[in-house]
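Note sheet for the following structure.
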Amino acid sequence: MSSQAYLDTIREKTGLGPDDFRRIAAERGLTKHADILAWAKGELGLGHGHANAIAAVLKQDAAGGPKSADDKLAAHFAGKKAIWQSAFDALAAEVNGFGENEIAPAEGYINLNRGKMKFGIVQVGVERMDVGIKLKGFDPGERLEAAGSWNAMVTHRVRVTGSDQIDTELLGWLRAAYNAAG
């Protein structure tokens with residue numbers, strides 16, 4: 001089970017998420033791994049694996065890791081990657097117009113989800129912004145290439161090298177993937 005799957009299960013069982021863990025840990029002075037485990041197992045009634053997932057979130061915070069979705073998103077556009085912020089914002093605005101979805105930043109890429117189903121990802125680099133799309137049954141072409149070993153979560157990739165490439169063709173592929181995820 002992935003750490004995100006553990007956190008999703010914890011939220012389902014308790015109604016609490018990472019920001020709640022941070023608040024409670026700060027209020028109670030929980031800094032030691034054993035104390036966090038004891039609290040999560042005792043008060044929340046979680047098993048060892050789920051309690052460890054909470055401890056991992058708090059440990060990442062202590063190590064200076066991203067703390068919120070906004071912080072994680074901002075990290076994707078840090079330094080020389082900042083040139084892609086406006087292109088991503090334009091893409092995100094269009095994707096948000098598809099309907100009910102979520103833009104969920106992870107460490108290595110930004111997930112594009114419809115409910116619990118991923119329909120695409122965005123990975124920001126210095127030279128380009130790659131958009132991965134789940135499009136089963138679509139033949140790759142010149143611009144819509146097979147994802148290959150780039151990322152196994154998607155079937156295709158579009159290498160965006162300029163803001164003008166956030167166009168109707170790319171958005172059409174993303175919409176098709178969004179519709180298929182429903």
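Every chain in the structure tokens has a letter given in the order shown (A, B, ...), and although residue numbers restart at 1 in each chain, ligands are simply numbered from 1 in the order shown.
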Going by DSSP on the backbone, which bits of range 8-166 of chain A are strand (DSSP E or B)? Write them as a PDB file with C-alpha atoms, in the first residue's frame, please.
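After the write, states_6.pdb holds the following:
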ATOM      1  CA  GLU A 102      -8.535  17.655  -8.651  1.00  0.00           C
ATOM      2  CA  ILE A 103      -5.071  18.952  -9.349  1.00  0.00           C
ATOM      3  CA  ALA A 104      -2.980  17.092  -6.787  1.00  0.00           C
ATOM      4  CA  PRO A 105       0.741  17.832  -6.648  1.00  0.00           C
ATOM      5  CA  ILE A 110       1.368  16.997 -10.594  1.00  0.00           C
ATOM      6  CA  ASN A 111      -1.592  14.609 -10.795  1.00  0.00           C
ATOM      7  CA  LEU A 112      -4.705  15.427 -12.794  1.00  0.00           C
ATOM      8  CA  ASN A 113      -7.511  13.384 -11.224  1.00  0.00           C
ATOM      9  CA  ARG A 114     -11.193  12.902 -11.873  1.00  0.00           C
ATOM     10  CA  MET A 117      -9.057   8.220 -11.182  1.00  0.00           C
ATOM     11  CA  LYS A 118      -5.894   9.743 -12.607  1.00  0.00           C
ATOM     12  CA  PHE A 119      -6.328  10.932 -16.195  1.00  0.00           C
ATOM     13  CA  GLY A 120      -3.074  12.816 -16.567  1.00  0.00           C
ATOM     14  CA  ILE A 121       0.077  14.154 -14.980  1.00  0.00           C
ATOM     15  CA  VAL A 122       2.331  17.150 -15.488  1.00  0.00           C
ATOM     16  CA  GLN A 123       6.085  17.071 -14.927  1.00  0.00           C
ATOM     17  CA  VAL A 124       7.895  20.388 -15.000  1.00  0.00           C
ATOM     18  CA  MET A 129       6.794  20.781 -19.328  1.00  0.00           C
ATOM     19  CA  ASP A 130       5.722  17.190 -20.034  1.00  0.00           C
ATOM     20  CA  VAL A 131       2.023  16.363 -19.973  1.00  0.00           C
ATOM     21  CA  GLY A 132       1.261  12.681 -19.490  1.00  0.00           C
ATOM     22  CA  ILE A 133      -2.181  11.486 -20.580  1.00  0.00           C
ATOM     23  CA  GLU A 145       3.951  10.165 -28.319  1.00  0.00           C
ATOM     24  CA  ALA A 146       3.817   6.851 -26.457  1.00  0.00           C
ATOM     25  CA  HIS A 156       1.039   9.032 -23.808  1.00  0.00           C
ATOM     26  CA  ARG A 157       3.162  12.139 -23.371  1.00  0.00           C
ATOM     27  CA  VAL A 158       3.181  15.578 -24.957  1.00  0.00           C
ATOM     28  CA  ARG A 159       6.389  17.600 -24.615  1.00  0.00           C
ATOM     29  CA  VAL A 160       5.399  21.234 -24.203  1.00  0.00           C
TER      30      VAL A 160
END
Exercise: range 20-34 of chain A partners within 12 Å, only C-alpha atoms, chain neighbours under 4 positions left out, as a PyMOL selection string: chain A and resi 7+10-11+14-16+38-44+48+51-62+67-68
Expected answer as a PyMOL selection string: alpha helix (DSSP H) residues in chain A: chain A and resi 3-14+18-28+33-42+48-62+69-76+85-96+168-180
Residue with smallest distance to Asp164 in chain A - pool A:Phe88, A:Ala74, A:Gly49, A:Gly79, counting only C-alpha atoms: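 For Asp164 in chain A, the nearest of the given residues is A:Phe88.
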Neighbour list for Gly172 in chain A as a ChimeraX atom specification, cut-off 12 Å, only C-alpha atoms, skip fewer than 6 positions in-chain: /A:91,94-95,98,133,135,144,166,178-179
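Distance annotation: of A:Asp35, A:Glu100, A:Glu127, A:Asp8, the residue with the minimal separation from Thr161 in chain A is A:Glu127; atom set is only C-alpha atoms.
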Near-Gly97 in chain A list (12 Å; only C-alpha atoms; drop same-chain fewer than 4 positions) as a list of chain:residue names: A:Ala90, A:Leu91, A:Ala92, A:Ala93, A:Asn101, A:Glu102, A:Leu171, A:Leu174, A:Arg175, A:Tyr178
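Among the candidates A:Asp19, A:Gly162, A:Leu37, A:Leu46, the residue lying nearest to Ala69 in chain A is A:Asp19 (atoms considered: only C-alpha atoms).
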